[in-house]
$ cat query.csv   # CSV, C-alpha atoms
chain,number,residue,atom,x,y,z
A,129,MET,CA,-52.0,31.6,-14.2
A,130,LYS,CA,-49.7,28.6,-14.6
A,131,VAL,CA,-46.6,28.3,-12.5
A,132,LEU,CA,-44.0,25.7,-13.6
A,133,TYR,CA,-41.7,24.2,-11.0
A,134,LEU,CA,-38.6,23.2,-13.0
A,135,GLY,CA,-36.5,20.5,-11.4
A,136,TRP,CA,-34.9,17.1,-12.1
A,137,LEU,CA,-38.2,15.4,-11.4
A,138,GLY,CA,-39.4,12.0,-12.5
A,139,TYR,CA,-36.1,10.2,-12.1
A,140,LYS,CA,-37.0,8.5,-8.7
A,141,ASN,CA,-34.4,10.5,-6.8
A,142,ILE,CA,-35.7,11.3,-3.3
A,143,GLY,CA,-33.6,14.5,-3.0
A,144,ASP,CA,-35.2,16.2,-6.0
A,145,GLU,CA,-38.6,14.9,-5.2
A,146,LEU,CA,-38.2,16.0,-1.6
A,147,MET,CA,-37.6,19.6,-2.6
A,148,TRP,CA,-40.6,19.5,-5.0
A,149,ASP,CA,-42.8,18.2,-2.2
A,150,ILE,CA,-41.7,21.0,0.1
A,151,PHE,CA,-42.3,23.7,-2.5
A,152,ARG,CA,-45.7,22.3,-3.4
A,153,GLU,CA,-46.8,22.1,0.2
A,154,LYS,CA,-45.7,25.7,0.9
A,155,PHE,CA,-47.2,26.9,-2.4
A,156,ASN,CA,-50.6,25.3,-1.5
A,157,GLU,CA,-50.4,26.9,1.9
A,158,LYS,CA,-49.3,30.4,1.0
A,159,ALA,CA,-50.3,31.1,-2.6
A,160,ASP,CA,-53.7,32.3,-3.9
A,161,SER,CA,-55.1,29.1,-5.4
A,162,THR,CA,-57.8,31.1,-7.2
A,163,LYS,CA,-55.1,32.9,-9.2
A,164,TYR,CA,-52.3,30.4,-9.6
A,165,LYS,CA,-52.0,26.8,-10.7
A,166,LEU,CA,-48.7,25.0,-9.8
A,167,ILE,CA,-47.4,22.3,-12.2
A,168,PRO,CA,-44.3,20.1,-12.0
A,169,SER,CA,-41.8,19.6,-14.9
A,170,THR,CA,-42.3,16.0,-16.0
A,171,LYS,CA,-39.4,14.2,-17.8
A,172,THR,CA,-41.2,14.8,-21.1
A,173,VAL,CA,-41.6,18.6,-20.4
A,174,GLN,CA,-37.9,18.8,-19.4
A,175,MET,CA,-36.8,17.0,-22.6
A,176,ARG,CA,-38.9,19.2,-24.9
A,177,LEU,CA,-37.8,22.4,-23.2
A,178,SER,CA,-34.2,21.3,-23.4
A,179,LYS,CA,-34.6,21.0,-27.2
A,180,ASN,CA,-36.2,24.4,-27.3
A,181,LYS,CA,-39.6,23.0,-28.1
A,182,ASN,CA,-43.0,23.7,-26.4
A,183,LYS,CA,-42.8,27.4,-27.2
A,184,ASN,CA,-46.5,27.7,-26.9
A,185,PHE,CA,-46.3,26.1,-23.5
A,186,LEU,CA,-43.8,28.7,-22.4
A,187,ARG,CA,-45.9,31.6,-23.8
A,188,ASN,CA,-48.8,30.4,-21.6
A,189,LEU,CA,-46.8,30.3,-18.4
A,190,ASP,CA,-46.9,33.1,-15.8
A,191,SER,CA,-43.9,32.0,-13.9
A,192,ILE,CA,-41.1,29.4,-13.7
A,193,ILE,CA,-39.5,28.3,-10.5
A,194,LEU,CA,-36.0,26.9,-10.8
A,195,GLY,CA,-36.2,24.5,-7.9
A,196,GLY,CA,-33.6,23.1,-5.5
A,197,GLY,CA,-30.8,20.9,-6.7
A,198,SER,CA,-27.6,21.4,-8.8
A,199,LEU,CA,-29.5,23.1,-11.6
A,200,LEU,CA,-27.3,26.2,-12.2
A,201,GLY,CA,-25.8,24.7,-15.3
A,202,PRO,CA,-26.3,25.0,-19.1
A,203,ARG,CA,-29.3,22.7,-19.4
A,204,PHE,CA,-31.7,24.4,-17.0
A,205,ILE,CA,-30.3,27.9,-17.5
A,206,THR,CA,-30.8,27.6,-21.2
A,207,ILE,CA,-34.4,26.7,-20.6
A,208,LEU,CA,-34.9,29.8,-18.5
A,209,TYR,CA,-33.1,31.9,-21.1
A,210,ASN,CA,-35.2,30.6,-23.9
A,211,ALA,CA,-38.3,31.3,-21.8
A,212,ILE,CA,-37.4,35.0,-21.6
A,213,LYS,CA,-36.9,35.1,-25.4
A,214,VAL,CA,-40.3,33.5,-26.0
A,215,ASN,CA,-42.2,35.3,-23.3
A,216,LYS,CA,-40.6,38.6,-22.1
A,217,ASN,CA,-43.2,39.0,-19.4
A,218,ILE,CA,-42.6,35.6,-17.8
A,219,ASN,CA,-41.6,35.7,-14.1
A,220,LEU,CA,-38.5,33.7,-13.1
A,221,PHE,CA,-37.5,32.6,-9.7
A,222,ILE,CA,-34.4,30.6,-8.4
A,223,TRP,CA,-35.2,28.7,-5.2
A,224,GLY,CA,-32.1,27.5,-3.6
A,225,SER,CA,-30.3,26.0,-6.6
A,226,GLY,CA,-26.6,25.4,-6.7
A,227,ILE,CA,-23.7,24.2,-8.9
A,228,ASP,CA,-21.8,20.9,-8.7
A,229,TRP,CA,-19.0,20.5,-11.2
A,230,ILE,CA,-15.7,22.0,-9.8
A,231,GLU,CA,-13.1,19.2,-10.3
A,232,LYS,CA,-11.3,17.9,-7.3
A,233,ARG,CA,-8.0,19.1,-8.6
A,234,ASP,CA,-9.2,22.7,-8.2
A,235,LEU,CA,-11.5,22.3,-5.1
A,236,ASN,CA,-8.8,22.8,-2.5
A,237,ARG,CA,-7.4,25.8,-4.3
A,238,PHE,CA,-10.9,27.2,-4.7
A,239,VAL,CA,-11.7,26.9,-1.0
A,240,LEU,CA,-8.3,28.3,0.1
A,241,MET,CA,-8.8,31.3,-2.1
A,242,ILE,CA,-12.2,31.9,-0.6
A,243,GLU,CA,-10.7,31.6,3.0
A,244,GLU,CA,-8.0,34.0,2.1
A,245,GLN,CA,-10.5,36.4,0.4
A,246,ALA,CA,-8.4,36.2,-2.8
A,247,THR,CA,-9.8,37.4,-6.1
A,248,LEU,CA,-11.3,34.6,-8.1
A,249,GLU,CA,-11.1,35.6,-11.8
A,250,ASN,CA,-12.7,33.2,-14.2
A,251,GLU,CA,-10.3,30.3,-13.5
A,252,PHE,CA,-13.0,27.8,-12.4
A,253,ASN,CA,-15.3,28.0,-15.3
A,254,TYR,CA,-16.3,24.4,-16.1
A,255,PHE,CA,-19.3,24.9,-18.4
A,256,ASN,CA,-18.5,24.2,-22.0
A,257,ASP,CA,-21.4,26.3,-23.3
A,258,SER,CA,-19.6,29.5,-24.5
A,259,GLN,CA,-22.8,31.5,-24.1
A,260,PHE,CA,-23.5,30.2,-20.6
A,261,LYS,CA,-22.3,33.3,-18.7
A,262,HIS,CA,-24.4,35.6,-20.9
A,263,LYS,CA,-27.5,33.4,-20.4
A,264,LEU,CA,-27.1,33.1,-16.7
A,265,GLN,CA,-26.5,36.8,-16.3
A,266,THR,CA,-29.6,37.5,-18.4
A,267,VAL,CA,-31.6,35.1,-16.2
A,268,ILE,CA,-30.3,36.7,-13.0
A,269,GLN,CA,-31.2,40.2,-14.2
A,270,HIS,CA,-34.7,39.1,-15.2
A,271,ALA,CA,-35.5,37.0,-12.2
A,272,LYS,CA,-37.8,38.3,-9.4
A,273,PHE,CA,-36.0,36.2,-6.7
A,274,ILE,CA,-32.6,34.5,-6.8
A,275,GLY,CA,-31.6,32.3,-3.9
A,276,VAL,CA,-28.6,29.9,-4.2
A,277,ARG,CA,-27.7,26.9,-2.1
A,278,GLY,CA,-24.4,27.8,-0.5
A,279,HIS,CA,-21.5,30.3,-0.2
A,280,TYR,CA,-19.4,28.2,-2.5
A,281,THR,CA,-22.0,28.4,-5.3
A,282,TYR,CA,-22.1,32.2,-4.8
A,283,GLN,CA,-18.3,32.5,-4.9
A,284,TYR,CA,-18.2,30.3,-8.1
A,285,LEU,CA,-20.7,32.6,-9.8
A,286,LYS,CA,-18.8,35.6,-8.7
A,287,SER,CA,-15.5,34.1,-10.0
A,288,ILE,CA,-16.9,33.9,-13.6
A,289,GLY,CA,-17.7,37.6,-13.5
A,290,LEU,CA,-21.4,37.7,-12.9
A,291,ASN,CA,-23.2,40.7,-11.2
A,292,LEU,CA,-24.6,39.1,-8.0
A,293,ASP,CA,-26.1,42.2,-6.4
A,294,ARG,CA,-29.6,40.6,-6.4
A,295,VAL,CA,-28.4,37.1,-5.4
A,296,LYS,CA,-28.8,35.8,-1.8
A,297,VAL,CA,-27.3,32.7,-0.2
A,298,THR,CA,-30.5,31.0,1.1
A,299,GLY,CA,-29.4,27.4,1.8
A,300,ASP,CA,-30.7,24.1,0.6
A,301,PRO,CA,-34.5,23.9,0.5
A,302,GLY,CA,-34.2,20.3,1.9
A,303,LEU,CA,-33.4,21.9,5.2
A,304,LEU,CA,-37.1,23.0,5.4
A,305,THR,CA,-38.0,19.4,6.2
A,306,THR,CA,-39.6,19.3,9.6
A,307,MET,CA,-40.0,16.7,12.3
A,308,ILE,CA,-40.4,16.3,16.0
A,309,ARG,CA,-36.9,16.1,17.5
A,310,GLU,CA,-37.7,13.9,20.4
A,311,ASN,CA,-34.5,11.9,20.0
A,312,GLU,CA,-31.9,14.5,18.8
A,313,GLU,CA,-29.6,13.6,21.7
A,314,ASN,CA,-29.5,9.9,22.0
A,315,PRO,CA,-26.0,9.0,23.2
A,316,LYS,CA,-27.1,5.5,24.2
A,317,SER,CA,-28.3,4.5,20.7
A,318,ASN,CA,-26.3,1.7,19.0
A,319,LYS,CA,-27.9,2.5,15.6
A,320,VAL,CA,-25.9,3.8,12.6
A,321,VAL,CA,-27.8,4.5,9.4
A,322,ILE,CA,-25.8,4.4,6.2
A,323,ASN,CA,-27.0,5.8,2.9
A,324,TRP,CA,-25.2,4.1,0.0
A,325,GLY,CA,-25.4,4.1,-3.8
A,326,THR,CA,-23.8,5.1,-7.0
A,327,ALA,CA,-22.8,8.3,-8.7
A,328,MET,CA,-22.4,6.5,-12.0
A,329,HIS,CA,-18.6,6.9,-11.6
A,330,LYS,CA,-18.9,10.7,-11.7
A,331,LEU,CA,-17.3,11.1,-8.3
A,332,TYR,CA,-14.0,12.3,-6.8
A,333,GLY,CA,-11.6,9.5,-7.1
A,334,LYS,CA,-13.6,7.7,-9.8
A,335,ASN,CA,-13.4,4.4,-7.9
A,336,GLU,CA,-16.7,3.2,-6.7
A,337,ALA,CA,-15.4,-0.4,-6.2
A,338,GLY,CA,-12.6,0.9,-3.9
A,339,LEU,CA,-15.1,3.1,-2.1
A,340,GLU,CA,-17.4,0.1,-1.5
A,341,ASN,CA,-14.5,-1.9,0.0
A,342,SER,CA,-13.7,1.0,2.3
A,343,MET,CA,-17.3,1.1,3.5
A,344,MET,CA,-17.3,-2.7,4.1
A,345,ALA,CA,-14.3,-2.2,6.4
A,346,ILE,CA,-16.1,0.6,8.2
A,347,VAL,CA,-19.2,-1.4,8.7
A,348,ASN,CA,-17.3,-4.4,10.0
A,349,GLU,CA,-15.5,-2.1,12.5
A,350,LEU,CA,-18.8,-0.5,13.6
A,351,ILE,CA,-20.3,-3.9,14.2
A,352,THR,CA,-17.2,-4.7,16.4
A,353,LYS,CA,-17.9,-1.6,18.3
A,354,GLY,CA,-21.4,-2.8,19.0
A,355,TYR,CA,-23.4,-0.9,16.5
A,356,GLU,CA,-26.4,-2.1,14.5
A,357,ILE,CA,-26.3,-1.0,10.9
A,358,TYR,CA,-29.1,0.0,8.5
A,359,ILE,CA,-28.3,0.5,4.8
A,360,TYR,CA,-30.7,2.3,2.5
A,361,PRO,CA,-30.9,3.8,-1.0
A,362,ILE,CA,-32.1,7.3,-1.9
A,363,TRP,CA,-32.4,6.7,-5.7
A,364,ASP,CA,-33.6,3.6,-7.5
A,365,LYS,CA,-30.2,3.1,-9.1
A,366,ASP,CA,-28.7,2.9,-5.6
A,367,ILE,CA,-30.6,-0.3,-4.7
A,368,THR,CA,-28.1,-2.7,-6.4
A,369,PRO,CA,-25.0,-1.0,-4.8
A,370,CYS,CA,-26.7,-1.2,-1.4
A,371,LYS,CA,-27.3,-4.9,-1.9
A,372,ASN,CA,-23.7,-5.4,-3.0
A,373,LEU,CA,-22.5,-3.7,0.1
A,374,TYR,CA,-24.9,-5.7,2.3
A,375,ASP,CA,-23.8,-9.0,0.7
A,376,LYS,CA,-20.2,-8.3,1.5
A,377,ILE,CA,-20.9,-8.0,5.3
A,378,THR,CA,-20.2,-11.2,7.2
A,379,ASP,CA,-22.1,-10.5,10.4
A,380,LYS,CA,-25.6,-10.0,8.8
A,381,LYS,CA,-27.5,-10.3,12.1
A,382,ASN,CA,-26.4,-6.8,12.9
A,383,VAL,CA,-27.0,-5.3,9.4
A,384,HIS,CA,-30.3,-4.5,7.8
A,385,PHE,CA,-30.8,-3.7,4.1
A,386,ILE,CA,-33.7,-1.5,3.2
A,387,LYS,CA,-34.6,-3.0,-0.2
A,388,THR,CA,-36.7,-0.2,-1.6
A,389,VAL,CA,-36.2,3.6,-1.9
A,390,PRO,CA,-38.0,5.1,1.2
A,391,ASN,CA,-39.7,8.5,0.9
A,392,GLN,CA,-38.4,11.4,3.0
A,393,TYR,CA,-40.9,10.6,5.8
A,394,LYS,CA,-39.7,7.0,6.1
A,395,ILE,CA,-36.1,8.2,6.0
A,396,LEU,CA,-36.8,10.5,8.9
A,397,ASP,CA,-38.4,7.7,10.8
A,398,LEU,CA,-35.4,5.5,10.1
A,399,ILE,CA,-32.8,8.0,11.3
A,400,LYS,CA,-34.7,9.7,14.2
A,401,ASP,CA,-33.2,7.4,16.9
A,402,ALA,CA,-29.8,6.9,15.3
A,403,ARG,CA,-26.5,7.7,17.0
A,404,LEU,CA,-25.2,9.0,13.6
A,405,THR,CA,-25.6,8.6,9.9
A,406,ILE,CA,-22.9,8.1,7.2
A,407,ASN,CA,-24.1,9.3,3.8
A,408,PHE,CA,-23.1,9.1,0.2
A,409,LYS,CA,-25.8,11.3,-1.4
A,410,LEU,CA,-26.2,15.0,-0.6
A,411,HIS,CA,-29.8,14.9,0.5
A,412,ALA,CA,-29.3,12.0,2.9
A,413,ASN,CA,-27.0,14.5,4.7
A,414,VAL,CA,-29.6,17.3,4.4
A,415,LEU,CA,-32.3,15.1,5.9
A,416,SER,CA,-30.0,14.0,8.7
A,417,ALA,CA,-29.1,17.7,9.5
A,418,ALA,CA,-32.8,18.7,9.4
A,419,ALA,CA,-33.5,15.9,11.9
A,420,GLY,CA,-30.7,17.0,14.2
A,421,ILE,CA,-28.8,13.7,13.8
A,422,PRO,CA,-25.0,14.0,13.4
A,423,PHE,CA,-23.8,12.9,10.0
A,424,ILE,CA,-20.5,12.0,8.2
A,425,ALA,CA,-20.7,13.2,4.6
A,426,LEU,CA,-18.9,11.2,1.9
A,427,ALA,CA,-18.3,14.1,-0.5
A,428,TYR,CA,-18.4,12.6,-4.0
A,429,ARG,CA,-18.8,16.0,-5.7
A,430,PHE,CA,-18.6,19.7,-5.0
A,431,LYS,CA,-22.2,20.1,-3.9
A,432,THR,CA,-21.6,18.2,-0.6
A,433,PHE,CA,-18.8,20.6,0.4
A,434,ASP,CA,-21.1,23.5,-0.6
A,435,PHE,CA,-23.9,22.3,1.7
A,436,ALA,CA,-21.7,21.4,4.7
A,437,ASN,CA,-20.0,24.8,4.5
A,438,PHE,CA,-23.3,26.6,4.6
A,439,ILE,CA,-24.3,24.9,7.9
A,440,GLY,CA,-20.8,25.3,9.3
A,441,LEU,CA,-20.0,21.6,9.5
A,442,ASP,CA,-17.1,21.3,7.0
A,443,HIS,CA,-15.2,19.1,9.4
A,444,LEU,CA,-17.8,16.3,9.1
A,445,VAL,CA,-17.0,15.9,5.4
A,446,ILE,CA,-14.6,13.3,3.8
A,447,SER,CA,-13.9,13.3,0.1
A,448,THR,CA,-14.4,10.0,-1.7
A,449,ASP,CA,-10.9,10.1,-3.0
A,450,ASP,CA,-9.4,10.2,0.5
A,451,PRO,CA,-6.7,7.5,0.5
A,452,HIS,CA,-7.4,6.9,4.2
A,453,LEU,CA,-11.2,7.1,4.0
A,454,SER,CA,-11.9,4.2,6.3
A,455,GLU,CA,-9.6,5.4,9.1
A,456,ASN,CA,-10.9,9.0,8.8
A,457,VAL,CA,-14.5,8.0,8.9
A,458,LEU,CA,-13.9,6.0,12.1
A,459,THR,CA,-12.1,8.9,13.6
A,460,LYS,CA,-15.1,11.1,12.9
A,461,VAL,CA,-17.4,8.4,14.4
A,462,SER,CA,-15.4,8.8,17.6
A,463,TYR,CA,-15.6,12.6,17.4
A,464,ILE,CA,-19.4,12.4,17.1
A,465,GLU,CA,-19.5,9.9,20.0
A,466,ASN,CA,-17.8,12.6,22.1
A,467,HIS,CA,-19.4,15.8,20.7
A,468,GLY,CA,-22.6,14.7,19.0
A,469,SER,CA,-25.0,16.6,21.3
A,470,LEU,CA,-23.2,19.9,20.6
A,471,LEU,CA,-22.8,19.7,16.8
A,472,PHE,CA,-26.4,20.6,15.8
A,473,ARG,CA,-27.3,23.0,18.6
A,474,ASN,CA,-27.5,25.8,16.0
A,475,MET,CA,-29.5,23.9,13.4
A,476,PRO,CA,-33.0,25.1,14.4
A,477,SER,CA,-31.8,28.7,14.1
A,478,ILE,CA,-30.3,27.9,10.7
A,479,GLN,CA,-33.5,26.3,9.5
A,480,GLN,CA,-35.5,29.3,10.7
A,481,THR,CA,-33.3,31.6,8.7
A,482,VAL,CA,-33.5,29.4,5.6
A,483,GLU,CA,-37.2,29.2,5.9
A,484,LYS,CA,-37.5,33.0,6.3
A,485,ASP,CA,-35.3,33.6,3.2
A,486,LEU,CA,-36.8,31.0,0.9
A,487,ASP,CA,-40.4,31.9,1.9
A,488,GLN,CA,-39.9,35.3,0.3
A,489,ILE,CA,-40.8,33.7,-3.0
A,490,PHE,CA,-44.4,33.1,-2.0
A,491,GLU,CA,-45.1,36.8,-1.5
A,492,PHE,CA,-45.2,37.0,-5.3
A,493,PHE,CA,-48.1,34.6,-5.5
A,494,LYS,CA,-50.5,36.2,-3.0
$ encode --input "query.csv" --output "structure tokens"
Amino acid sequence: MKVLYLGWLGYKNIGDELMWDIFREKFNEKADSTKYKLIPSTKTVQMRLSKNKNKNFLRNLDSIILGGGSLLGPRFITILYNAIKVNKNINLFIWGSGIDWIEKRDLNRFVLMIEEQATLENEFNYFNDSQFKHKLQTVIQHAKFIGVRGHYTYQYLKSIGLNLDRVKVTGDPGLLTTMIRENEENPKSNKVVINWGTAMHKLYGKNEAGLENSMMAIVNELITKGYEIYIYPIWDKDITPCKNLYDKITDKKNVHFIKTVPNQYKILDLIKDARLTINFKLHANVLSAAAGIPFIALAYRFKTFDFANFIGLDHLVISTDDPHLSENVLTKVSYIENHGSLLFRNMPSIQQTVEKDLDQIFEFFK
């Protein structure tokens, strides 16, 4: 029986590939390989399914796993909805997916209303597809397992009037990354690892050039403080922005540019002895958290706030439209210097809970 892992695969983005790797490894370990065959969604498969083609392909599937990532939007939900219409016996699963498109003008109000336990009534619906709510509710009711990335995702879905009785906040699957934490407390390290890149201008503030100048100022100050800096990309389109940032730094003897996209194992090896990390992309923060290394998250979209809230580290997040970004990043560097060893003391427990919740999916493939 064929099991399709549906995710944003094939685009050379380490975050999405990371979650596919984790799922595949667990599936191979826990599922009955004599009954089930796991296949990834290639770019071609995604394209054809988005256009409601490959109906025979859908009819021949036993299950679809909507994988980790910001996939709870019209494109991927429509694929799952169409799968139900073509194959009413198909098994659907949602494995730690989330949303990502609440605009910054509404983010603070959204968070405040959650904190005050106010009623959220359909005022944050950003999806243009008029049938999206119906499709998503149909998928949720049909699915065997529904785990979402964070409490903000859950509250967003609740705000548009969905029945979430069967939905559980499981956390980001990237937190299942494992490694030996020999150096989780390393107050003497002078190493800061920076993940840099581009959001193709789809970010809070819509000013990547200004953001780059702010980061240049941050790097220069960190060098003055005695730190050695490593800059790396997590997506192939991040390589050029990383080089641009590196080229702007005057004191290059204390700055290292990783010229190719490292896989998750190389990233973990890079950050394992760092004092802290500063990250543009979501899964650079996820990997840092999984490794027990304090991070400062540059929240370029909603998903970063969603993740940080889930692990209780909202105070390590700075929005990319912050007018005092450089100053506030350096303030958080000082905070981590003083409190770093305490910030992630609960992370192993969080990871164990995430693993327990997300592993429930594999009981269906025994």
$ closest_atom_pairs --input "query.csv" --of "segment 233-324 of chain A" --to "segment 381-385 of chain A" --cutoff "12 Å" --atoms "all atoms listed in the file" --output "Markdown table"
| residue | atom | partner | partner_atom | distance |
| --- | --- | --- | --- | --- |
| A:Asn318 | CA | A:Asn382 | CA | 10.5 |
| A:Lys319 | CA | A:Asn382 | CA | 9.8 |
| A:Val320 | CA | A:Val383 | CA | 9.7 |
| A:Val321 | CA | A:His384 | CA | 9.5 |
| A:Ile322 | CA | A:Phe385 | CA | 9.7 |
| A:Asn323 | CA | A:Phe385 | CA | 10.3 |
| A:Trp324 | CA | A:Phe385 | CA | 10.4 |
$ residues_around --input "query.csv" --residues "Gly197 of chain A" --least-positions-apart "5" --cutoff "10 Å" --atoms "only C-alpha atoms" --output "ChimeraX atom specification"
/A:135-136,143-145,147,223-228,276-277,300-302,410-411,431
$ closest_residue --input "query.csv" --among "A:Tyr358, A:Phe252, A:Phe423, A:Phe472" --to "Ile377 of chain A" --atoms "only C-alpha atoms"
A:Tyr358
$ closest_residue --input "query.csv" --among "A:Glu349, A:Glu231, A:Asp160, A:Glu153" --to "Ser454 of chain A" --atoms "all atoms listed in the file"
A:Glu349
$ closest_residue --input "query.csv" --among "A:Thr305, A:Ser169, A:Asn474, A:Thr266" --to "Ala412 of chain A" --atoms "all atoms listed in the file"
A:Thr305
$ atom_distance --input "query.csv" --atom1 "atom CA of Gln245 of chain A" --atom2 "atom CA of Gln269 of chain A"
25.6 Å
$ residues_around --input "query.csv" --residues "segment 205-219 of chain A" --least-positions-apart "2" --cutoff "10 Å" --atoms "all atoms listed in the file" --output "PyMOL selection string"
chain A and resi 131+134+174+176-181+183-194+199-203+221+257+259-268+270-273+492
$ residues_around --input "query.csv" --residues "Glu455 of chain A" --least-positions-apart "4" --cutoff "10 Å" --atoms "all atoms listed in the file" --output "PyMOL selection string"
chain A and resi 342+345-346+450-451+459-461
$ closest_residue --input "query.csv" --among "A:Asn437, A:Gln283, A:Thr306, A:Asn182" --to "Pro476 of chain A" --atoms "all atoms listed in the file"
A:Thr306
$ closest_residue --input "query.csv" --among "A:Leu220, A:Ile351, A:Ala419, A:Ile242" --to "Asp379 of chain A" --atoms "only C-alpha atoms"
A:Ile351
